[in-house]
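Peer 1: Structure file input_15.cif (mmCIF, C-alpha atoms) right here:
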```
data_target
loop_
_atom_site.group_PDB
_atom_site.id
_atom_site.type_symbol
_atom_site.label_atom_id
_atom_site.label_comp_id
_atom_site.auth_asym_id
_atom_site.auth_seq_id
_atom_site.Cartn_x
_atom_site.Cartn_y
_atom_site.Cartn_z
ATOM 1 C CA MET A 1 -7.688 11.788 -11.077
ATOM 2 C CA ILE A 2 -10.053 11.021 -13.953
ATOM 3 C CA CYS A 3 -8.098 7.822 -14.650
ATOM 4 C CA ALA A 4 -8.271 6.846 -10.968
ATOM 5 C CA LEU A 5 -12.051 7.302 -10.954
ATOM 6 C CA GLY A 6 -12.317 5.366 -14.222
ATOM 7 C CA ALA A 7 -10.405 2.513 -12.607
ATOM 8 C CA ALA A 8 -12.858 2.601 -9.693
ATOM 9 C CA VAL A 9 -15.774 2.229 -12.119
ATOM 10 C CA CYS A 10 -14.120 -0.811 -13.732
ATOM 11 C CA PHE A 11 -13.184 -2.490 -10.448
ATOM 12 C CA GLY A 12 -16.541 -1.752 -8.822
ATOM 13 C CA THR A 13 -18.497 -3.361 -11.643
ATOM 14 C CA ALA A 14 -16.130 -6.334 -11.822
ATOM 15 C CA SER A 15 -16.429 -7.206 -8.131
ATOM 16 C CA VAL A 16 -20.075 -8.293 -8.297
ATOM 17 C CA LEU A 17 -19.528 -10.273 -11.514
ATOM 18 C CA GLN A 18 -16.622 -12.138 -9.957
ATOM 19 C CA ALA A 19 -18.460 -12.803 -6.701
ATOM 20 C CA VAL A 20 -21.408 -14.336 -8.565
ATOM 21 C CA ALA A 21 -19.088 -16.474 -10.709
ATOM 22 C CA THR A 22 -17.026 -17.835 -7.810
ATOM 23 C CA ARG A 23 -20.156 -18.789 -5.883
ATOM 24 C CA ALA A 24 -21.336 -20.811 -8.906
ATOM 25 C CA VAL A 25 -18.417 -23.277 -8.781
ATOM 26 C CA GLU A 26 -17.260 -25.864 -6.279
ATOM 27 C CA PRO A 27 -15.018 -24.302 -3.594
ATOM 28 C CA GLY A 28 -12.369 -27.011 -3.992
ATOM 29 C CA SER A 29 -9.615 -27.636 -1.457
ATOM 30 C CA GLY A 30 -10.437 -24.718 0.812
ATOM 31 C CA SER A 31 -6.889 -23.379 0.619
ATOM 32 C CA GLY A 32 -6.475 -19.629 0.585
ATOM 33 C CA VAL A 33 -4.212 -19.989 -2.470
ATOM 34 C CA ASP A 34 -6.276 -22.236 -4.756
ATOM 35 C CA ALA A 35 -5.229 -21.936 -8.402
ATOM 36 C CA ALA A 36 -7.700 -24.673 -9.393
ATOM 37 C CA LEU A 37 -10.575 -22.602 -8.015
ATOM 38 C CA PHE A 38 -9.387 -19.662 -10.109
ATOM 39 C CA LEU A 39 -9.357 -21.842 -13.243
ATOM 40 C CA ARG A 40 -12.871 -23.147 -12.543
ATOM 41 C CA ALA A 41 -14.187 -19.645 -11.937
ATOM 42 C CA ALA A 42 -12.518 -18.453 -15.149
ATOM 43 C CA ARG A 43 -14.854 -20.743 -17.121
ATOM 44 C CA GLN A 44 -17.751 -18.498 -16.112
ATOM 45 C CA TRP A 45 -18.453 -15.677 -18.558
ATOM 46 C CA ARG A 46 -19.171 -13.305 -15.697
ATOM 47 C CA TYR A 47 -15.725 -13.916 -14.235
ATOM 48 C CA LEU A 48 -14.069 -13.405 -17.631
ATOM 49 C CA LEU A 49 -15.962 -10.151 -18.112
ATOM 50 C CA GLY A 50 -14.890 -9.121 -14.632
ATOM 51 C CA LEU A 51 -11.269 -9.899 -15.502
ATOM 52 C CA ALA A 52 -11.538 -7.780 -18.664
ATOM 53 C CA LEU A 53 -12.841 -4.871 -16.590
ATOM 54 C CA ASP A 54 -10.049 -5.461 -14.068
ATOM 55 C CA GLY A 55 -7.529 -5.268 -16.913
ATOM 56 C CA ALA A 56 -8.953 -1.978 -18.148
ATOM 57 C CA GLY A 57 -8.997 -0.669 -14.589
ATOM 58 C CA PHE A 58 -5.375 -1.683 -14.086
ATOM 59 C CA VAL A 59 -4.268 0.293 -17.143
ATOM 60 C CA LEU A 60 -6.113 3.372 -15.852
ATOM 61 C CA GLN A 61 -4.601 2.769 -12.399
ATOM 62 C CA ILE A 62 -1.077 2.744 -13.842
ATOM 63 C CA ILE A 63 -1.678 6.065 -15.576
ATOM 64 C CA ALA A 64 -3.058 7.594 -12.385
ATOM 65 C CA LEU A 65 -0.185 6.312 -10.223
ATOM 66 C CA ARG A 66 2.296 7.998 -12.547
ATOM 67 C CA HIS A 67 0.696 11.425 -12.045
ATOM 68 C CA VAL A 68 -0.929 11.744 -8.597
ATOM 69 C CA PRO A 69 0.057 10.619 -5.053
ATOM 70 C CA ILE A 70 -0.585 7.016 -4.062
ATOM 71 C CA TYR A 71 -2.982 8.000 -1.261
ATOM 72 C CA VAL A 72 -5.292 9.671 -3.796
ATOM 73 C CA VAL A 73 -5.350 6.633 -6.091
ATOM 74 C CA GLY A 74 -5.882 4.268 -3.146
ATOM 75 C CA ALA A 75 -8.890 6.202 -1.878
ATOM 76 C CA ALA A 76 -10.340 6.398 -5.392
ATOM 77 C CA LEU A 77 -9.997 2.632 -5.773
ATOM 78 C CA ALA A 78 -11.710 2.093 -2.422
ATOM 79 C CA ALA A 79 -14.558 4.191 -3.820
ATOM 80 C CA SER A 80 -15.223 1.389 -6.308
ATOM 81 C CA LEU A 81 -17.620 0.060 -3.652
ATOM 82 C CA ALA A 82 -19.758 3.158 -4.122
ATOM 83 C CA VAL A 83 -19.803 2.398 -7.845
ATOM 84 C CA THR A 84 -20.799 -1.185 -7.095
ATOM 85 C CA ALA A 85 -23.636 -0.007 -4.865
ATOM 86 C CA VAL A 86 -25.048 2.348 -7.482
ATOM 87 C CA VAL A 87 -24.713 -0.194 -10.308
ATOM 88 C CA ALA A 88 -26.330 -2.892 -8.157
ATOM 89 C CA SER A 89 -29.256 -0.590 -7.364
ATOM 90 C CA ARG A 90 -29.867 -0.051 -11.085
ATOM 91 C CA LEU A 91 -29.111 -3.398 -12.682
ATOM 92 C CA MET A 92 -29.704 -5.967 -9.931
ATOM 93 C CA ALA A 93 -32.780 -4.468 -8.287
ATOM 94 C CA VAL A 94 -30.875 -4.030 -5.010
ATOM 95 C CA ARG A 95 -32.549 -1.438 -2.834
ATOM 96 C CA LEU A 96 -30.247 1.019 -1.078
ATOM 97 C CA SER A 97 -31.372 2.308 2.285
ATOM 98 C CA PRO A 98 -31.191 6.057 3.025
ATOM 99 C CA ALA A 99 -28.101 5.394 5.161
ATOM 100 C CA GLU A 100 -26.395 3.641 2.243
ATOM 101 C CA TRP A 101 -27.193 6.470 -0.178
ATOM 102 C CA CYS A 102 -25.699 8.737 2.458
ATOM 103 C CA ALA A 103 -22.557 6.561 2.480
ATOM 104 C CA VAL A 104 -22.290 6.967 -1.310
ATOM 105 C CA GLY A 105 -22.431 10.723 -0.793
ATOM 106 C CA VAL A 106 -19.798 10.485 1.940
ATOM 107 C CA VAL A 107 -17.420 8.658 -0.424
ATOM 108 C CA CYS A 108 -17.915 11.329 -3.094
ATOM 109 C CA ALA A 109 -17.323 14.086 -0.540
ATOM 110 C CA GLY A 110 -14.114 12.412 0.639
ATOM 111 C CA LEU A 111 -12.823 12.166 -2.928
ATOM 112 C CA LEU A 112 -13.669 15.826 -3.510
ATOM 113 C CA LEU A 113 -11.645 16.815 -0.436
ATOM 114 C CA LEU A 114 -8.727 14.710 -1.662
ATOM 115 C CA GLY A 115 -8.899 16.270 -5.108
ATOM 116 C CA LEU A 116 -8.814 19.771 -3.630
ATOM 117 C CA SER A 117 -5.934 19.071 -1.243
ATOM 118 C CA SER A 118 -3.615 16.664 -3.066
ATOM 119 C CA GLY A 119 -0.269 17.978 -4.223
ATOM 120 C CA ALA A 120 2.153 16.740 -6.836
ATOM 121 C CA GLU A 121 3.436 13.196 -6.929
ATOM 122 C CA GLY A 122 6.591 12.700 -4.862
ATOM 123 C CA THR A 123 9.857 12.741 -6.773
ATOM 124 C CA GLU A 124 12.007 10.701 -4.367
ATOM 125 C CA SER A 125 13.454 7.546 -5.953
ATOM 126 C CA ALA A 126 12.884 4.194 -4.290
ATOM 127 C CA SER A 127 15.807 2.506 -2.573
ATOM 128 C CA LEU A 128 16.793 -1.088 -3.244
ATOM 129 C CA ALA A 129 15.734 -1.930 0.322
ATOM 130 C CA LEU A 130 12.201 -0.666 -0.360
ATOM 131 C CA LYS A 131 11.959 -2.707 -3.563
ATOM 132 C CA LEU A 132 13.173 -5.844 -1.802
ATOM 133 C CA GLY A 133 10.686 -5.131 0.975
ATOM 134 C CA LEU A 134 7.871 -5.019 -1.593
ATOM 135 C CA LEU A 135 8.943 -8.384 -3.002
ATOM 136 C CA GLY A 136 9.139 -9.850 0.496
ATOM 137 C CA ALA A 137 5.655 -8.536 1.298
ATOM 138 C CA ALA A 138 4.262 -10.115 -1.878
ATOM 139 C CA VAL A 139 5.741 -13.515 -0.984
ATOM 140 C CA LEU A 140 4.439 -13.151 2.582
ATOM 141 C CA VAL A 141 0.922 -12.565 1.210
ATOM 142 C CA LEU A 142 1.094 -15.943 -0.541
ATOM 143 C CA LEU A 143 2.238 -17.668 2.644
ATOM 144 C CA VAL A 144 -0.535 -16.024 4.671
ATOM 145 C CA GLY A 145 -3.049 -17.192 2.080
ATOM 146 C CA VAL A 146 -1.880 -20.800 2.429
ATOM 147 C CA ALA A 147 -2.060 -20.599 6.228
ATOM 148 C CA ALA A 148 -5.526 -18.979 6.139
ATOM 149 C CA GLY A 149 -7.003 -21.981 4.332
ATOM 150 C CA GLY A 150 -7.467 -23.826 7.621
ATOM 151 C CA LEU A 151 -9.283 -21.010 9.439
ATOM 152 C CA PRO A 152 -13.066 -20.919 10.060
ATOM 153 C CA ASP A 153 -15.073 -19.072 7.406
ATOM 154 C CA GLY A 154 -15.444 -15.779 9.338
ATOM 155 C CA PRO A 155 -11.803 -14.996 10.176
ATOM 156 C CA ARG A 156 -10.728 -16.730 6.952
ATOM 157 C CA ALA A 157 -12.625 -14.209 4.819
ATOM 158 C CA LEU A 158 -11.134 -11.283 6.751
ATOM 159 C CA VAL A 159 -7.548 -12.599 6.567
ATOM 160 C CA LEU A 160 -7.851 -13.417 2.863
ATOM 161 C CA GLY A 161 -9.409 -10.010 2.189
ATOM 162 C CA LEU A 162 -6.611 -8.208 4.027
ATOM 163 C CA GLY A 163 -4.034 -10.369 2.269
ATOM 164 C CA SER A 164 -5.582 -9.688 -1.116
ATOM 165 C CA GLY A 165 -5.683 -5.961 -0.436
ATOM 166 C CA THR A 166 -2.048 -6.039 0.666
ATOM 167 C CA GLY A 167 -1.121 -7.818 -2.556
ATOM 168 C CA PHE A 168 -2.882 -5.167 -4.631
ATOM 169 C CA GLY A 169 -1.248 -2.501 -2.459
ATOM 170 C CA VAL A 170 2.154 -3.965 -3.365
ATOM 171 C CA VAL A 171 1.127 -3.614 -7.006
ATOM 172 C CA GLU A 172 0.237 0.074 -6.483
ATOM 173 C CA VAL A 173 3.612 0.899 -4.975
ATOM 174 C CA SER A 174 5.526 -1.284 -7.444
ATOM 175 C CA VAL A 175 3.968 0.507 -10.428
ATOM 176 C CA ARG A 176 5.200 3.755 -8.958
ATOM 177 C CA VAL A 177 8.799 2.669 -8.261
ATOM 178 C CA ILE A 178 9.619 0.508 -11.298
ATOM 179 C CA ASP A 179 12.417 2.193 -13.226
ATOM 180 C CA SER A 180 11.921 0.297 -16.480
ATOM 181 C CA VAL A 181 9.606 -2.565 -17.445
ATOM 182 C CA GLY A 182 12.468 -4.099 -19.414
ATOM 183 C CA ASP A 183 14.830 -4.156 -16.420
ATOM 184 C CA LEU A 184 14.645 -7.816 -15.395
ATOM 185 C CA ALA A 185 16.958 -7.164 -12.442
ATOM 186 C CA ASP A 186 14.477 -4.782 -10.779
ATOM 187 C CA PRO A 187 12.907 -6.457 -7.685
ATOM 188 C CA ALA A 188 9.875 -4.159 -8.018
ATOM 189 C CA LEU A 189 8.946 -5.855 -11.300
ATOM 190 C CA TYR A 190 8.747 -9.241 -9.588
ATOM 191 C CA ALA A 191 6.949 -7.699 -6.622
ATOM 192 C CA LEU A 192 4.294 -6.418 -9.036
ATOM 193 C CA LEU A 193 3.837 -9.844 -10.643
ATOM 194 C CA VAL A 194 3.800 -11.830 -7.395
ATOM 195 C CA GLY A 195 1.638 -9.259 -5.573
ATOM 196 C CA GLY A 196 -0.931 -9.128 -8.376
ATOM 197 C CA ALA A 197 -1.135 -12.913 -8.682
ATOM 198 C CA ALA A 198 -1.422 -13.322 -4.895
ATOM 199 C CA GLY A 199 -4.118 -10.651 -4.720
ATOM 200 C CA PHE A 200 -6.249 -12.354 -7.378
ATOM 201 C CA LEU A 201 -5.850 -15.850 -5.918
ATOM 202 C CA LEU A 202 -6.677 -14.768 -2.366
ATOM 203 C CA LEU A 203 -9.618 -12.623 -3.459
ATOM 204 C CA THR A 204 -11.064 -15.485 -5.502
ATOM 205 C CA SER A 205 -10.832 -17.806 -2.491
ATOM 206 C CA ALA A 206 -12.319 -15.162 -0.181
ATOM 207 C CA LEU A 207 -15.310 -14.643 -2.471
ATOM 208 C CA ALA A 208 -15.930 -18.370 -2.832
ATOM 209 C CA ARG A 209 -16.573 -19.069 0.865
ATOM 210 C CA GLY A 210 -17.395 -16.946 3.869
ATOM 211 C CA SER A 211 -18.710 -13.399 4.003
ATOM 212 C CA VAL A 212 -17.914 -11.382 0.886
ATOM 213 C CA THR A 213 -18.754 -8.260 2.901
ATOM 214 C CA VAL A 214 -16.029 -9.037 5.440
ATOM 215 C CA ALA A 215 -13.550 -9.943 2.692
ATOM 216 C CA THR A 216 -14.281 -6.725 0.796
ATOM 217 C CA ALA A 217 -13.829 -4.619 3.909
ATOM 218 C CA GLY A 218 -10.440 -6.270 4.480
ATOM 219 C CA LEU A 219 -9.564 -5.649 0.838
ATOM 220 C CA VAL A 220 -10.326 -1.926 1.152
ATOM 221 C CA LEU A 221 -8.157 -1.555 4.266
ATOM 222 C CA GLY A 222 -5.297 -3.567 2.807
ATOM 223 C CA GLU A 223 -5.043 -1.659 -0.475
ATOM 224 C CA THR A 224 -5.383 1.866 0.948
ATOM 225 C CA VAL A 225 -3.651 2.374 4.281
ATOM 226 C CA GLY A 226 -0.289 0.662 3.649
ATOM 227 C CA PRO A 227 0.398 2.145 0.191
ATOM 228 C CA ALA A 228 -0.593 5.618 1.418
ATOM 229 C CA VAL A 229 1.946 5.395 4.258
ATOM 230 C CA VAL A 230 4.681 4.183 1.891
ATOM 231 C CA GLY A 231 3.949 7.018 -0.536
ATOM 232 C CA VAL A 232 4.158 9.713 2.138
ATOM 233 C CA VAL A 233 7.063 8.338 4.199
ATOM 234 C CA TRP A 234 9.362 6.874 1.529
ATOM 235 C CA LEU A 235 8.374 8.406 -1.815
ATOM 236 C CA GLY A 236 7.735 12.024 -0.857
ATOM 237 C CA ASP A 237 4.013 12.328 -1.663
ATOM 238 C CA ARG A 238 2.725 15.612 -0.286
ATOM 239 C CA THR A 239 -0.401 17.737 -0.144
ATOM 240 C CA ARG A 240 -0.906 21.330 -1.184
ATOM 241 C CA GLU A 241 0.646 23.859 1.163
ATOM 242 C CA GLY A 242 -1.316 24.046 4.411
ATOM 243 C CA LEU A 243 -3.926 21.462 3.354
ATOM 244 C CA THR A 244 -2.523 18.308 4.961
ATOM 245 C CA TRP A 245 -5.427 18.236 7.401
ATOM 246 C CA LEU A 246 -7.908 18.359 4.515
ATOM 247 C CA ALA A 247 -6.192 15.478 2.717
ATOM 248 C CA VAL A 248 -6.192 13.352 5.893
ATOM 249 C CA ALA A 249 -9.871 14.120 6.447
ATOM 250 C CA GLY A 250 -10.740 13.337 2.831
ATOM 251 C CA PHE A 251 -8.840 10.036 2.910
ATOM 252 C CA ALA A 252 -10.495 8.974 6.173
ATOM 253 C CA VAL A 253 -13.971 9.987 4.978
ATOM 254 C CA ALA A 254 -13.620 8.189 1.624
ATOM 255 C CA VAL A 255 -12.339 4.952 3.210
ATOM 256 C CA ALA A 256 -14.976 5.035 5.984
ATOM 257 C CA GLY A 257 -17.742 5.497 3.434
ATOM 258 C CA SER A 258 -16.355 2.637 1.366
ATOM 259 C CA LEU A 259 -16.282 0.330 4.387
ATOM 260 C CA ALA A 260 -19.919 1.202 5.072
ATOM 261 C CA LEU A 261 -20.731 -0.023 1.563
ATOM 262 C CA SER A 262 -18.698 -3.235 1.721
ATOM 263 C CA ARG A 263 -21.797 -5.444 1.533
ATOM 264 C CA PHE A 264 -22.118 -4.611 -2.161
ATOM 265 C CA GLY A 265 -19.466 -7.160 -3.038
ATOM 266 C CA GLU A 266 -22.063 -9.718 -1.943
ATOM 267 C CA PRO A 267 -24.047 -11.330 -4.756
ATOM 268 C CA THR A 268 -27.834 -11.276 -4.428
ATOM 269 C CA PRO A 269 -29.034 -14.690 -3.237
ATOM 270 C CA PRO A 270 -31.483 -16.517 -5.516
ATOM 271 C CA PRO A 271 -35.146 -16.472 -4.465
ATOM 272 C CA ALA A 272 -36.332 -19.405 -2.397
ATOM 273 C CA PRO A 273 -38.411 -21.949 -4.367
ATOM 274 C CA ALA A 274 -42.145 -21.805 -3.879
ATOM 275 C CA PRO A 275 -43.636 -24.569 -1.672
ATOM 276 C CA PRO A 276 -45.499 -27.352 -3.539
ATOM 277 C CA ALA A 277 -49.237 -26.916 -3.885
ATOM 278 C CA ALA A 278 -51.322 -28.877 -1.451
#
```
Just give me the structure as structure tokens.

Peer 2:
Amino acid sequence: MICALGAAVCFGTASVLQAVATRAVEPGSGSGVDAALFLRAARQWRYLLGLALDGAGFVLQIIALRHVPIYVVGAALAASLAVTAVVASRLMAVRLSPAEWCAVGVVCAGLLLLGLSSGAEGTESASLALKLGLLGAAVLVLLVGVAAGGLPDGPRALVLGLGSGTGFGVVEVSVRVIDSVGDLADPALYALLVGGAAGFLLLTSALARGSVTVATAGLVLGETVGPAVVGVVWLGDRTREGLTWLAVAGFAVAVAGSLALSRFGEPTPPPAPAPPAA
């Protein structure tokens, strides 16, 4: 759980850095899968620092996924938006309203309920069909990203955010079901690589144009709900005896609080220039 929360701190701080960096470069072709946009953004030091934090968060995420149920890790990662809100209020002079401070408290309360109710990680092994399904989902995310490039900015940001979250959700499940990193015949290994790459490409495109708030909300939904269902239904994740209701409540509360804070992926706009003196 500590590793999951550490990953949330890394991801939450990285999101603002990456949003600022992607807005500082030309949007390019407008495609949802725009590798050139990623390369241009990667020239910004803020984006590189964000990637370094993402890397550290991913390592912590792997450790967490090997010890606690997927639904706990997913909710903790969604709580990265609460981290972003608090960091933004301290370092970027962003003022949080009382309702937003309340949302931060709601996220923390949801995580506390999850921590109290979560059981051991499921021990059921993944079938070949599930692993192939993960790989198929990762490829589908790429195709959806290409198709989303022609949408208007509003729905485009939502579709790319959901697609990105789904890609990262594939990574969460793949980390859990990979038998051996050296097994090149394991479809879950390729699902992890394709899902992670698709998630980064789609998120970069979503942050570059359209509402980052909408994209971030889609990201939260995509990386929490699906993996949680897979963990419970196919991998045997369970709660403590008699506390299923508490885990469901904690998950719902943490995700709802995170959605309420989704605007904190949005970079602060620069101040308007002063009018010329008469």

Peer 1: Carefully work through the PyMOL selection byres ((chain A and resi 103) around 10) for this structure and note down the residues it includes, as a ChimeraX atom specification.

Peer 2: /A:82,85,97-102,104-109,253-254,256-261

Peer 1: What does the PyMOL selection byres ((chain A and resi 9-13) around 12) select in this file, as a PyMOL selection string?

Peer 2: chain A and resi 2-8+14-20+46-47+49-61+76-92+216+220+258+261-262+264-267

Peer 1: Suppose you want the space between atom CA of Trp234 of chain A and atom CA of Ser127 of chain A; what is it in Å?

Peer 2: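 Between atom CA of Trp234 of chain A and atom CA of Ser127 of chain A the gap works out to 8.8 Å.
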
Peer 1: For each of A:Pro155, A:Gly161, A:Gly150, A:Gly226, take the minimum atom-to-atom distance to Leu203 of chain A, counting only C-alpha atoms, then give the residue where this is smallest.

Peer 2: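 Comparing A:Pro155, A:Gly161, A:Gly150, A:Gly226 against Leu203 of chain A, the winner is A:Gly161.
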
Peer 1: The PyMOL selection byres ((chain A and resi 128) around 12) - which residues does that actually catch in the file I just gave you? List them as a ChimeraX atom specification.

Peer 2: /A:125-127,129-135,177-179,185-188,234
